[in-house]
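These notes are about the structure you will find just below.
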Amino acid sequence: MAEVFSPGWNVGPDESMSAWTGAQGDKLNEIPHAMFVERKPEPLGCELEDVADAQCGCIFKLEINEGAVAMATKEYYDEYGATTACNLRLSKELHNSERAWGGDSWFMSVTDVEVLLDHGLYGYGDVKTKTSRYPTKELQELVGPNAGDWAVMTTTVAGGKKIYAIGHRRGGTVHTYISSHGLSVLGKPQAHKE
């Protein structure tokens, strides 16, 4: 019997590009939706949403981006919208495993962290543009003026679970994060050095 891969406690989604200069369509030798993403090293091709194990770096699940119209027909989309639905599809086999699910700003928001909690996963990541219900202004005002200063705000959501909004000053900018769990590993918190 073949061994089944079981990811560790810390996993996370991201986007990847697979270079492609061939045809676009629904035939065997075509891709469903070609994209051009300028910031990628190979900008023309197929965008993939994937999830990887943070300890070994192994990508263990992929979803092909088939374009907005096709993606709107996928599981969870009607209830949650594009991003949260993508998180839930990528994490489906891990639901109720209490793993940490860490993503960049496309994958994380207050709603994403709440829904992941409802499905038994702890979410964390940076918050840049998806700031609905996130206390960005208040948090920036709480963070001190010096590099390395930080502040945390806590709220309790349904089921008595906590979500943390974290602000950290790096240089002149306050970077904002969200998390639904405290310490990620056993041990003492360490001071951050710029």
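Here, A, B, ... name the chains of the structure tokens in the order displayed, residue numbers run from 1 inside each chain, and ligands are numbered from 1 in the same displayed order.
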- Output as a PyMOL selection string all residues of region 42-177 of chain A that backbone DSSP marks as strand (DSSP E). chain A and resi 44-53+59-64+100-103+122-126+150-157+161-170+173-177
So which residues touch region 157-171 of chain A within 8 Å, counting only C-alpha atoms, skipping near sequence neighbours fewer than 5 positions away, as a PDB file with C-alpha atoms, in the first residue's frame?
```pdb
ATOM      1  CA  VAL A 113     -10.180  33.973   9.208  1.00  0.00           C
ATOM      2  CA  GLU A 114     -13.706  33.616  10.648  1.00  0.00           C
ATOM      3  CA  TYR A 134     -10.522  45.383  10.144  1.00  0.00           C
ATOM      4  CA  PRO A 135      -9.470  48.231  12.517  1.00  0.00           C
ATOM      5  CA  LEU A 139      -4.391  49.917  15.012  1.00  0.00           C
ATOM      6  CA  GLN A 140      -2.011  52.284  13.195  1.00  0.00           C
ATOM      7  CA  VAL A 143       1.494  51.424  17.266  1.00  0.00           C
ATOM      8  CA  GLY A 144       4.322  53.498  18.674  1.00  0.00           C
ATOM      9  CA  PRO A 145       6.535  55.801  16.539  1.00  0.00           C
ATOM     10  CA  ASN A 146       9.737  53.712  16.630  1.00  0.00           C
ATOM     11  CA  ALA A 147      10.810  50.887  14.322  1.00  0.00           C
ATOM     12  CA  GLY A 148       9.838  47.601  15.953  1.00  0.00           C
ATOM     13  CA  ASP A 149       6.908  49.070  17.924  1.00  0.00           C
ATOM     14  CA  TRP A 150       3.766  46.950  17.776  1.00  0.00           C
ATOM     15  CA  ALA A 151       0.200  46.709  19.043  1.00  0.00           C
ATOM     16  CA  VAL A 152      -2.464  44.002  19.181  1.00  0.00           C
ATOM     17  CA  THR A 176      -1.011  45.023   9.551  1.00  0.00           C
ATOM     18  CA  TYR A 177      -1.758  41.353  10.127  1.00  0.00           C
ATOM     19  CA  ILE A 178      -4.600  39.127  11.275  1.00  0.00           C
ATOM     20  CA  SER A 179      -4.498  35.866  13.203  1.00  0.00           C
ATOM     21  CA  SER A 180      -6.889  33.516  14.954  1.00  0.00           C
ATOM     22  CA  HIS A 181      -4.234  31.855  17.089  1.00  0.00           C
ATOM     23  CA  GLU A 194      14.604  45.518  12.454  1.00  0.00           C
TER      24      GLU A 194
END
```
- Task: Skip region 15-29 of chain A itself and residues of its chain fewer than 2 positions away, then list as a ChimeraX atom specification all residues within 12 Å of it, counting only C-alpha atoms.
- Result: /A:12-13,31-52,59,61-67,83,86-87,90,103-107
- Quote the spacing between CA of Thr73 (chain A) and CA of Phe5 (chain A) in Å to one decimal place. 29.0 Å
- Using only C-alpha atoms, the shortest atom-to-atom distance to Thr131 (chain A) among A:Glu93, A:Asp112, A:Asp14, A:Asp78 belongs to A:Asp112
- Item | Expected answer as a PyMOL selection string: helix (DSSP H, G or I) residues in region 100-140 of chain A | chain A and resi 110-118+136-140
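Closest to Gly123 (chain A) among A:Gly102, A:Thr173, A:Asn96, A:Leu142 is A:Gly102, based on only C-alpha atoms.
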- From the list A:Val174, A:Ala68, A:Val127, A:Ala82, which residue is nearest Glu141 (chain A) when using only C-alpha atoms?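 The closest residue to Glu141 (chain A) is A:Val174.
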- Query: So how far away is CA of Tyr76 (chain A) from CA of Ala54 (chain A), in Å?
  - Reply: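 Here the two named atoms are 25.2 Å from each other.
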- Query: What's the 8 Å shell around His95 (chain A), counting only C-alpha atoms, without same-chain residues fewer than 2 positions away, as a list of chain:residue names?
  - Reply: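 So the residues in contact are A:Ser91, A:Lys92, A:Glu93, A:Ser97, A:Glu98, A:His119, A:Gly120, A:Leu121.
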- Query: So what do you get for CA of Gly8 (chain A) versus CA of Val115 (chain A), distance-wise?
  - Reply: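 For CA of Gly8 (chain A) relative to CA of Val115 (chain A), the distance reads 20.8 Å.
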- Message: Under the rule that only C-alpha atoms are counted, which of A:Ser6, A:Thr154, A:Ser109, A:Gln55 is the nearest residue to Lys128 (chain A)?
- Response: A:Ser109
